[in-house]
Each structure stands twice: as C-alpha cells, then as structure tokens.
$ cat final.cif   # mmCIF, C-alpha atoms
data_data
#
loop_
_atom_site.group_PDB
_atom_site.id
_atom_site.type_symbol
_atom_site.label_atom_id
_atom_site.label_comp_id
_atom_site.auth_asym_id
_atom_site.auth_seq_id
_atom_site.Cartn_x
_atom_site.Cartn_y
_atom_site.Cartn_z
ATOM 1 C CA MET A 633 -10.431 -9.361 -5.484
ATOM 2 C CA SER A 634 -12.914 -11.497 -3.605
ATOM 3 C CA ASP A 635 -11.390 -14.975 -3.423
ATOM 4 C CA LEU A 636 -11.443 -16.329 0.114
ATOM 5 C CA ALA A 637 -7.662 -16.671 0.565
ATOM 6 C CA THR A 638 -7.142 -13.035 -0.423
ATOM 7 C CA LEU A 639 -9.979 -11.841 1.833
ATOM 8 C CA GLN A 640 -8.443 -13.750 4.742
ATOM 9 C CA ALA A 641 -4.922 -12.424 4.099
ATOM 10 C CA ILE A 642 -6.116 -8.822 4.141
ATOM 11 C CA ALA A 643 -8.571 -9.396 6.999
ATOM 12 C CA ARG A 644 -5.661 -10.556 9.202
ATOM 13 C CA LEU A 645 -4.451 -6.949 9.147
ATOM 14 C CA VAL A 646 -7.748 -5.629 10.563
ATOM 15 C CA PRO A 647 -8.162 -5.749 14.367
ATOM 16 C CA GLU A 648 -11.150 -7.551 15.912
ATOM 17 C CA GLY A 649 -14.138 -5.248 16.330
ATOM 18 C CA ALA A 650 -12.590 -2.424 14.292
ATOM 19 C CA ARG A 651 -14.663 0.361 12.824
ATOM 20 C CA VAL A 652 -13.897 0.110 9.087
ATOM 21 C CA LEU A 653 -14.406 2.322 6.050
ATOM 22 C CA ASP A 654 -14.025 0.367 2.784
ATOM 23 C CA LEU A 655 -13.374 2.728 -0.141
ATOM 24 C CA GLY A 656 -14.515 1.342 -3.467
ATOM 25 C CA CYS A 657 -16.051 -1.605 -1.663
ATOM 26 C CA GLY A 658 -17.456 -3.255 -4.799
ATOM 27 C CA ASP A 659 -20.116 -5.802 -3.881
ATOM 28 C CA GLY A 660 -19.278 -5.542 -0.165
ATOM 29 C CA ALA A 661 -17.546 -8.930 0.116
ATOM 30 C CA MET A 662 -14.655 -7.651 2.264
ATOM 31 C CA LEU A 663 -16.780 -5.685 4.711
ATOM 32 C CA ASP A 664 -19.255 -8.565 4.920
ATOM 33 C CA TYR A 665 -16.378 -10.938 5.715
ATOM 34 C CA LEU A 666 -15.019 -8.566 8.393
ATOM 35 C CA GLN A 667 -18.470 -8.156 9.963
ATOM 36 C CA ARG A 668 -19.151 -11.898 10.092
ATOM 37 C CA ASN A 669 -15.683 -13.137 11.065
ATOM 38 C CA LYS A 670 -14.090 -10.310 13.054
ATOM 39 C CA GLY A 671 -17.028 -8.427 14.564
ATOM 40 C CA CYS A 672 -16.194 -5.258 12.638
ATOM 41 C CA SER A 673 -18.621 -2.466 11.815
ATOM 42 C CA GLY A 674 -18.519 0.431 9.400
ATOM 43 C CA TYR A 675 -19.377 1.545 5.907
ATOM 44 C CA GLY A 676 -18.543 0.826 2.324
ATOM 45 C CA ILE A 677 -18.196 3.590 -0.241
ATOM 46 C CA GLU A 678 -19.204 2.639 -3.786
ATOM 47 C CA ILE A 679 -20.353 4.465 -6.911
ATOM 48 C CA ALA A 680 -21.767 1.673 -9.122
ATOM 49 C CA ASP A 681 -25.511 1.098 -8.709
ATOM 50 C CA ASP A 682 -25.306 -2.697 -9.048
ATOM 51 C CA ASN A 683 -22.576 -2.912 -6.394
ATOM 52 C CA VAL A 684 -24.519 -0.655 -4.021
ATOM 53 C CA LEU A 685 -27.494 -3.006 -4.406
ATOM 54 C CA ALA A 686 -25.252 -6.049 -3.787
ATOM 55 C CA CYS A 687 -23.966 -4.418 -0.571
ATOM 56 C CA VAL A 688 -27.501 -3.773 0.643
ATOM 57 C CA ARG A 689 -28.444 -7.385 -0.080
ATOM 58 C CA ARG A 690 -25.445 -8.546 1.987
ATOM 59 C CA GLY A 691 -26.422 -6.304 4.879
ATOM 60 C CA VAL A 692 -23.400 -4.040 4.394
ATOM 61 C CA ASN A 693 -23.898 -0.341 5.162
ATOM 62 C CA VAL A 694 -23.007 1.495 1.970
ATOM 63 C CA ILE A 695 -22.825 5.120 0.890
ATOM 64 C CA GLN A 696 -23.022 5.862 -2.822
ATOM 65 C CA LEU A 697 -20.252 8.367 -3.452
ATOM 66 C CA ASN A 698 -17.716 9.207 -6.137
ATOM 67 C CA LEU A 699 -14.316 8.984 -4.439
ATOM 68 C CA ASP A 700 -12.954 11.654 -6.776
ATOM 69 C CA GLU A 701 -15.064 14.054 -4.674
ATOM 70 C CA GLY A 702 -13.070 13.203 -1.521
ATOM 71 C CA LEU A 703 -14.026 12.232 2.015
ATOM 72 C CA ALA A 704 -14.990 15.628 3.483
ATOM 73 C CA MET A 705 -18.077 14.060 5.089
ATOM 74 C CA PHE A 706 -15.822 12.189 7.560
ATOM 75 C CA GLY A 707 -13.843 13.760 10.374
ATOM 76 C CA ASP A 708 -10.246 13.003 11.305
ATOM 77 C CA ASN A 709 -9.724 9.514 12.771
ATOM 78 C CA SER A 710 -13.398 8.575 12.290
ATOM 79 C CA PHE A 711 -12.426 4.936 11.648
ATOM 80 C CA ASP A 712 -9.926 2.463 13.027
ATOM 81 C CA VAL A 713 -9.072 1.198 9.538
ATOM 82 C CA VAL A 714 -9.692 2.554 6.045
ATOM 83 C CA LEU A 715 -9.413 0.033 3.218
ATOM 84 C CA GLN A 716 -8.563 0.669 -0.427
ATOM 85 C CA ILE A 717 -8.646 -2.814 -1.927
ATOM 86 C CA ASP A 718 -8.277 -2.652 -5.722
ATOM 87 C CA THR A 719 -9.314 1.007 -5.644
ATOM 88 C CA LEU A 720 -6.162 3.113 -5.904
ATOM 89 C CA GLN A 721 -5.496 2.276 -9.567
ATOM 90 C CA HIS A 722 -8.967 3.543 -10.558
ATOM 91 C CA LEU A 723 -8.751 6.969 -8.919
ATOM 92 C CA ARG A 724 -7.885 10.213 -10.672
ATOM 93 C CA ASN A 725 -6.803 11.701 -7.349
ATOM 94 C CA ALA A 726 -4.880 8.693 -5.985
ATOM 95 C CA GLU A 727 -2.384 10.722 -3.949
ATOM 96 C CA VAL A 728 -5.083 12.940 -2.428
ATOM 97 C CA MET A 729 -7.194 9.884 -1.577
ATOM 98 C CA LEU A 730 -4.180 8.238 0.049
ATOM 99 C CA ARG A 731 -3.744 11.281 2.311
ATOM 100 C CA GLU A 732 -7.504 11.264 3.004
ATOM 101 C CA THR A 733 -7.278 7.584 3.947
ATOM 102 C CA ALA A 734 -4.597 8.473 6.503
ATOM 103 C CA ARG A 735 -6.641 11.430 7.798
ATOM 104 C CA VAL A 736 -9.949 9.588 8.201
ATOM 105 C CA GLY A 737 -8.496 6.364 9.590
ATOM 106 C CA GLN A 738 -6.089 5.590 12.369
ATOM 107 C CA SER A 739 -4.525 3.195 9.873
ATOM 108 C CA GLY A 740 -4.980 2.400 6.207
ATOM 109 C CA ILE A 741 -4.654 -0.743 4.121
ATOM 110 C CA VAL A 742 -4.185 -0.643 0.362
ATOM 111 C CA ALA A 743 -3.942 -3.526 -2.082
ATOM 112 C CA PHE A 744 -3.481 -3.145 -5.832
ATOM 113 C CA PRO A 745 -2.191 -5.078 -8.850
ATOM 114 C CA ASN A 746 1.620 -5.025 -8.838
ATOM 115 C CA PHE A 747 2.731 -4.156 -12.360
ATOM 116 C CA ALA A 748 6.308 -5.284 -11.560
ATOM 117 C CA HIS A 749 5.258 -8.936 -11.083
ATOM 118 C CA TRP A 750 7.565 -11.084 -13.243
ATOM 119 C CA PRO A 751 4.925 -12.241 -15.790
ATOM 120 C CA ASN A 752 4.079 -8.573 -16.439
ATOM 121 C CA ARG A 753 7.754 -7.755 -16.934
ATOM 122 C CA LEU A 754 8.061 -10.641 -19.378
ATOM 123 C CA SER A 755 5.077 -9.375 -21.404
ATOM 124 C CA VAL A 756 6.588 -5.904 -21.624
ATOM 125 C CA LEU A 757 9.942 -7.393 -22.685
ATOM 126 C CA ARG A 758 8.047 -9.146 -25.494
ATOM 127 C CA GLY A 759 6.658 -5.759 -26.504
ATOM 128 C CA ARG A 760 3.092 -6.270 -25.201
ATOM 129 C CA MET A 761 1.099 -4.969 -22.285
ATOM 130 C CA PRO A 762 0.344 -7.782 -19.836
ATOM 131 C CA VAL A 763 -3.000 -9.539 -19.594
ATOM 132 C CA THR A 764 -3.062 -11.658 -16.428
ATOM 133 C CA ARG A 765 -5.515 -12.782 -13.766
ATOM 134 C CA ARG A 766 -4.734 -9.593 -11.773
ATOM 135 C CA LEU A 767 -4.641 -7.363 -14.888
ATOM 136 C CA PRO A 768 -7.291 -9.090 -17.017
ATOM 137 C CA TYR A 769 -7.941 -6.314 -19.537
ATOM 138 C CA GLN A 770 -6.397 -5.316 -22.814
ATOM 139 C CA TRP A 771 -4.550 -1.995 -22.684
ATOM 140 C CA TYR A 772 -7.317 -0.250 -24.633
ATOM 141 C CA ASP A 773 -10.270 -1.330 -22.463
ATOM 142 C CA THR A 774 -8.890 -1.368 -18.924
ATOM 143 C CA PRO A 775 -10.776 0.425 -16.138
ATOM 144 C CA ASN A 776 -7.400 1.146 -14.517
ATOM 145 C CA ILE A 777 -6.337 4.756 -14.876
ATOM 146 C CA ARG A 778 -2.807 3.901 -13.782
ATOM 147 C CA VAL A 779 -0.546 0.997 -13.018
ATOM 148 C CA GLY A 780 1.920 0.916 -10.146
ATOM 149 C CA THR A 781 4.426 -1.330 -8.491
ATOM 150 C CA TYR A 782 5.158 -2.434 -4.967
ATOM 151 C CA LYS A 783 8.235 -0.195 -4.901
ATOM 152 C CA ASP A 784 6.327 2.755 -6.405
ATOM 153 C CA PHE A 785 3.844 2.686 -3.537
ATOM 154 C CA ASP A 786 6.634 2.555 -0.968
ATOM 155 C CA VAL A 787 8.062 5.779 -2.450
ATOM 156 C CA LEU A 788 4.606 7.437 -2.611
ATOM 157 C CA ALA A 789 3.851 6.532 1.018
ATOM 158 C CA ARG A 790 7.102 8.041 2.267
ATOM 159 C CA LYS A 791 6.572 11.180 0.140
ATOM 160 C CA ASN A 792 3.216 11.650 1.914
ATOM 161 C CA ASN A 793 4.617 11.084 5.429
ATOM 162 C CA LEU A 794 2.972 7.697 5.846
ATOM 163 C CA ARG A 795 4.674 5.173 8.075
ATOM 164 C CA ILE A 796 4.474 1.659 6.668
ATOM 165 C CA LEU A 797 3.525 -0.796 9.411
ATOM 166 C CA ASP A 798 3.474 -3.912 7.239
ATOM 167 C CA ALA A 799 4.017 -4.649 3.559
ATOM 168 C CA PHE A 800 3.948 -7.836 1.527
ATOM 169 C CA GLY A 801 2.778 -9.273 -1.739
ATOM 170 C CA LEU A 802 -0.023 -11.744 -2.388
ATOM 171 C CA GLN A 803 0.204 -14.464 -4.981
ATOM 172 C CA ASP A 804 -2.500 -17.124 -5.293
ATOM 173 C CA GLY A 805 -3.741 -16.195 -1.809
ATOM 174 C CA ARG A 806 -0.324 -16.659 -0.170
ATOM 175 C CA GLU A 807 1.789 -13.941 1.410
ATOM 176 C CA VAL A 808 5.027 -13.166 -0.410
ATOM 177 C CA ARG A 809 7.577 -11.376 1.760
ATOM 178 C CA TRP A 810 10.770 -12.218 -0.127
ATOM 179 C CA LEU A 811 11.136 -10.097 -3.289
ATOM 180 C CA PRO A 812 7.427 -9.192 -3.424
ATOM 181 C CA ASN A 813 7.990 -6.603 -6.165
ATOM 182 C CA ALA A 814 8.925 -9.379 -8.601
ATOM 183 C CA ARG A 815 7.145 -12.400 -7.116
ATOM 184 C CA ALA A 816 3.630 -11.154 -6.292
ATOM 185 C CA GLY A 817 0.700 -10.074 -8.447
ATOM 186 C CA THR A 818 -0.794 -7.976 -5.637
ATOM 187 C CA ALA A 819 0.937 -5.423 -3.411
ATOM 188 C CA VAL A 820 -0.441 -4.950 0.118
ATOM 189 C CA PHE A 821 0.502 -2.154 2.523
ATOM 190 C CA ARG A 822 -0.701 -1.240 6.015
ATOM 191 C CA PHE A 823 0.233 2.273 7.092
ATOM 192 C CA GLU A 824 -0.513 5.174 9.391
ATOM 193 C CA HIS A 825 0.196 8.884 9.273
ATOM 194 C CA ASP A 826 3.571 9.849 10.716
#
$ encode --input "final.cif" --output "structure tokens"
Amino acid sequence: MSDLATLQAIARLVPEGARVLDLGCGDGAMLDYLQRNKGCSGYGIEIADDNVLACVRRGVNVIQLNLDEGLAMFGDNSFDVVLQIDTLQHLRNAEVMLRETARVGQSGIVAFPNFAHWPNRLSVLRGRMPVTRRLPYQWYDTPNIRVGTYKDFDVLARKNNLRILDAFGLQDGREVRWLPNARAGTAVFRFEHD
C-alpha cells in the first residue's frame, strides 16, 4: 500500500516529530514519507532481504526481524506510534502482535484489506473468492494468512482492551466514514491501550 493518497491519509494520523515503529515496513515508503514530510524518526521492522535493502537505500533505519518472534527487544511505550500497515493479515500471532503494538507504542495504527467491501461480498455471493486491487491474489497463492473485516477488528480491539481513537475506511485514497465496512477496501484504526 504505497500510493501517495493512501500514505497521506495514514500519515495524517501520525503527530509531527513522532518516534515511529513501522512493523512489516516493506520497502520503507511510509517511514520515508513520515521522515521527509512530518519530521518523524524511528525504525522499520522487516523480514524480506530485498525490502531491507530498499529501506537502507531510502535512508530508513530498519531491523531485520520476524514479527512472529514478538517485540521483546522494545520496552513499554518506546515509541509514540506503532504502525501495522498491511501487516496484520500476514501474521500467525495477529492478536499477540496487536497487544505488543499497544505495549510498545503510546498509540497504534493498523490498516488492512477489508474483506467485507461490497465487491468482495459480491464475489462470494457468486461462489468465488474475491480478486481485487486490495486482494490481488487467487485463494491458493495469497500471502495472507487470514482475512478480516472492519467490524471484526473493532470486536478484536475491544476484546484486547484497546480504545479506538479513530476509525475509517479508505477507498481510492479517500476516507470513507459512512458505512466503511461495506464501502471501503481498506480498514484503518488508530487506538491506544485502555
């Protein structure tokens, strides 16, 4: 998820000058954007060699780490904001990592493909798994371990004593606040520990 409109929509949730940890940072585009445009500092966490190299080339501090191993190397409230942008659906320990996000950061921001978006629902009604811009893989070759919906995350956050500070959908780079579960391909949540 590196298109400029999406980067800007998520970056609006990050305070100027924040210390940021970006979990599953990919090629470092988000952290690079935050450093250049909002004066943020911090680290990206990434496992893939080619993405780690891309981060280094961008000047993004990156730690090569498998998120399934947790965040024990970071103390409580080490960062102002912890990001999980297109990461949650790839994790085996999604619930644990969500709690770790809340522990390590004063606030957390997650964004993930919303499986309840209306085109996905239509595909399922037709008897097929969806293949869309946000879910571009066939069911048999997807890197996603799980799929979730906007409403599913709301329930998971409350179960884990996370207070939702802001929530909306993103569709074509625009915020969707009315019926985001049906009208947005991406779910976005900003939260903190209760």
$ atom_distance --input "final.cif" --atom1 "CA of Phe711 (chain A)" --atom2 "CA of Val652 (chain A)"
5.7 Å
$ closest_residue --input "final.cif" --among "A:Thr781, A:Thr818, A:Asn698, A:Gln738" --to "Arg765 (chain A)" --atoms "only C-alpha atoms"
A:Thr818
$ closest_residue --input "final.cif" --among "A:Val787, A:Val779, A:Ala748, A:Val756" --to "Gly817 (chain A)" --atoms "all atoms listed in the file"
A:Ala748
$ residues_around --input "final.cif" --residues "region 680-693 of chain A" --least-positions-apart "4" --cutoff "7 Å" --atoms "all atoms listed in the file" --output "list in words"
Gly658, Asp659, Gly660, Leu663, Asp664, Gly674, Tyr675 and Gly676 of chain A
$ closest_residue --input "final.cif" --among "A:Met729, A:Val694, A:Ala814, A:Leu794" --to "His749 (chain A)" --atoms "only C-alpha atoms"
A:Ala814
$ resolve_selection --input "final.cif" --expression "the PyMOL selection byres ((chain A and resi 702) around 9)" --output "PyMOL selection string"
chain A and resi 697-701+703-705+725+728-729+732
$ atom_distance --input "final.cif" --atom1 "CA of Trp750 (chain A)" --atom2 "CA of Ala726 (chain A)"
24.5 Å
$ closest_residue --input "final.cif" --among "A:Ile717, A:Leu655, A:Met662, A:Val820" --to "Leu636 (chain A)" --atoms "all atoms listed in the file"
A:Met662
$ resolve_selection --input "final.cif" --expression "the PyMOL selection byres ((chain A and resi 783) around 10)" --output "JSON, numbers by chain"
{"A": [746, 748, 780, 781, 782, 784, 785, 786, 787, 788, 789, 812, 813, 814, 819]}
$ write_last_selection --input "final.cif" --atoms "C-alpha atoms" --output "short mmCIF file (atom, residue, chain, number, x, y, z; two decimals), in the frame of the given file"
data_model
loop_
_atom_site.label_atom_id
_atom_site.label_comp_id
_atom_site.auth_asym_id
_atom_site.auth_seq_id
_atom_site.Cartn_x
_atom_site.Cartn_y
_atom_site.Cartn_z
CA ASN A 746 1.62 -5.03 -8.84
CA ALA A 748 6.31 -5.28 -11.56
CA GLY A 780 1.92 0.92 -10.15
CA THR A 781 4.43 -1.33 -8.49
CA TYR A 782 5.16 -2.43 -4.97
CA ASP A 784 6.33 2.76 -6.40
CA PHE A 785 3.84 2.69 -3.54
CA ASP A 786 6.63 2.56 -0.97
CA VAL A 787 8.06 5.78 -2.45
CA LEU A 788 4.61 7.44 -2.61
CA ALA A 789 3.85 6.53 1.02
CA PRO A 812 7.43 -9.19 -3.42
CA ASN A 813 7.99 -6.60 -6.16
CA ALA A 814 8.93 -9.38 -8.60
CA ALA A 819 0.94 -5.42 -3.41
#
$ atom_distance --input "final.cif" --atom1 "CA of Gln721 (chain A)" --atom2 "CA of Asp798 (chain A)"
20.0 Å
$ closest_residue --input "final.cif" --among "A:Asp635, A:Asp712, A:Asp773, A:Asp826" --to "Met761 (chain A)" --atoms "all atoms listed in the file"
A:Asp773
$ closest_residue --input "final.cif" --among "A:Val714, A:Ala641, A:Val736, A:Glu648" --to "Gly801 (chain A)" --atoms "all atoms listed in the file"
A:Ala641
$ residues_near_point --input "final.cif" --point "(-3.7, -2.9, 9.8)" --cutoff "10 Å" --atoms "all atoms listed in the file" --output "PyMOL selection string"
chain A and resi 642-647+650+712-715+738-742+796-798+821-824
$ axis_aligned_box --input "final.cif" --around "region 639-653 of chain A" --padding-each-side "3 Å" --output "AutoDock Vina command-line options"
--center_x -9.6 --center_y -5.7 --center_z 9.1 --size_x 16.2 --size_y 22.1 --size_z 20.5
$ residues_around --input "final.cif" --residues "Asp708 (chain A)" --least-positions-apart "2" --cutoff "8 Å" --atoms "only C-alpha atoms" --output "list in words"
Phe706, Ser710, Arg735, Val736 and Gly737 of chain A
$ build_atoms --input "final.cif" --residues "region 741-762 of chain A" --atoms "N, CA, C and O atoms" --output "CSV table (one decimal), in the frame of the given file"
chain,number,residue,atom,x,y,z
A,741,ILE,N,-5.1,0.5,4.8
A,741,ILE,CA,-4.7,-0.7,4.1
A,741,ILE,C,-5.0,-0.6,2.6
A,741,ILE,O,-6.1,-0.3,2.3
A,742,VAL,N,-4.0,-0.7,1.8
A,742,VAL,CA,-4.2,-0.6,0.4
A,742,VAL,C,-3.7,-1.9,-0.2
A,742,VAL,O,-2.7,-2.5,0.2
A,743,ALA,N,-4.4,-2.4,-1.3
A,743,ALA,CA,-3.9,-3.5,-2.1
A,743,ALA,C,-4.3,-3.2,-3.5
A,743,ALA,O,-5.3,-2.6,-3.8
A,744,PHE,N,-3.3,-3.5,-4.4
A,744,PHE,CA,-3.5,-3.1,-5.8
A,744,PHE,C,-2.6,-4.1,-6.7
A,744,PHE,O,-1.7,-4.7,-6.2
A,745,PRO,N,-3.0,-4.2,-8.0
A,745,PRO,CA,-2.2,-5.1,-8.8
A,745,PRO,C,-0.8,-4.5,-9.0
A,745,PRO,O,-0.6,-3.3,-9.2
A,746,ASN,N,0.2,-5.4,-8.8
A,746,ASN,CA,1.6,-5.0,-8.8
A,746,ASN,C,2.1,-5.2,-10.3
A,746,ASN,O,2.3,-6.3,-10.7
A,747,PHE,N,2.3,-4.1,-11.0
A,747,PHE,CA,2.7,-4.2,-12.4
A,747,PHE,C,4.1,-4.7,-12.5
A,747,PHE,O,4.5,-5.2,-13.6
A,748,ALA,N,4.9,-4.8,-11.5
A,748,ALA,CA,6.3,-5.3,-11.6
A,748,ALA,C,6.4,-6.8,-11.4
A,748,ALA,O,7.5,-7.4,-11.4
A,749,HIS,N,5.3,-7.5,-11.2
A,749,HIS,CA,5.3,-8.9,-11.1
A,749,HIS,C,5.9,-9.5,-12.3
A,749,HIS,O,5.7,-9.1,-13.4
A,750,TRP,N,6.7,-10.6,-12.2
A,750,TRP,CA,7.6,-11.1,-13.2
A,750,TRP,C,6.8,-11.4,-14.5
A,750,TRP,O,7.3,-11.1,-15.6
A,751,PRO,N,5.6,-12.0,-14.5
A,751,PRO,CA,4.9,-12.2,-15.8
A,751,PRO,C,4.6,-10.9,-16.5
A,751,PRO,O,4.7,-10.9,-17.8
A,752,ASN,N,4.3,-9.9,-15.8
A,752,ASN,CA,4.1,-8.6,-16.4
A,752,ASN,C,5.4,-8.1,-17.1
A,752,ASN,O,5.3,-7.5,-18.2
A,753,ARG,N,6.5,-8.2,-16.4
A,753,ARG,CA,7.8,-7.8,-16.9
A,753,ARG,C,8.1,-8.5,-18.2
A,753,ARG,O,8.6,-7.9,-19.2
A,754,LEU,N,7.8,-9.8,-18.2
A,754,LEU,CA,8.1,-10.6,-19.4
A,754,LEU,C,7.2,-10.2,-20.6
A,754,LEU,O,7.7,-10.1,-21.7
A,755,SER,N,5.9,-9.9,-20.3
A,755,SER,CA,5.1,-9.4,-21.4
A,755,SER,C,5.6,-8.1,-22.0
A,755,SER,O,5.7,-7.9,-23.2
A,756,VAL,N,6.0,-7.2,-21.1
A,756,VAL,CA,6.6,-5.9,-21.6
A,756,VAL,C,7.9,-6.1,-22.4
A,756,VAL,O,8.1,-5.5,-23.5
A,757,LEU,N,8.7,-7.1,-21.9
A,757,LEU,CA,9.9,-7.4,-22.7
A,757,LEU,C,9.6,-7.9,-24.1
A,757,LEU,O,10.4,-7.7,-25.0
A,758,ARG,N,8.5,-8.6,-24.2
A,758,ARG,CA,8.0,-9.1,-25.5
A,758,ARG,C,7.3,-8.1,-26.3
A,758,ARG,O,6.9,-8.4,-27.4
A,759,GLY,N,7.2,-6.9,-25.8
A,759,GLY,CA,6.7,-5.8,-26.5
A,759,GLY,C,5.2,-5.6,-26.4
A,759,GLY,O,4.5,-4.9,-27.1
A,760,ARG,N,4.5,-6.3,-25.4
A,760,ARG,CA,3.1,-6.3,-25.2
A,760,ARG,C,2.7,-5.9,-23.8
A,760,ARG,O,3.5,-6.2,-22.8
A,761,MET,N,1.6,-5.2,-23.6
A,761,MET,CA,1.1,-5.0,-22.3
A,761,MET,C,0.6,-6.3,-21.7
A,761,MET,O,0.0,-7.1,-22.5
A,762,PRO,N,0.8,-6.5,-20.4
A,762,PRO,CA,0.3,-7.8,-19.8
A,762,PRO,C,-1.2,-7.9,-19.7
A,762,PRO,O,-1.9,-7.0,-19.5
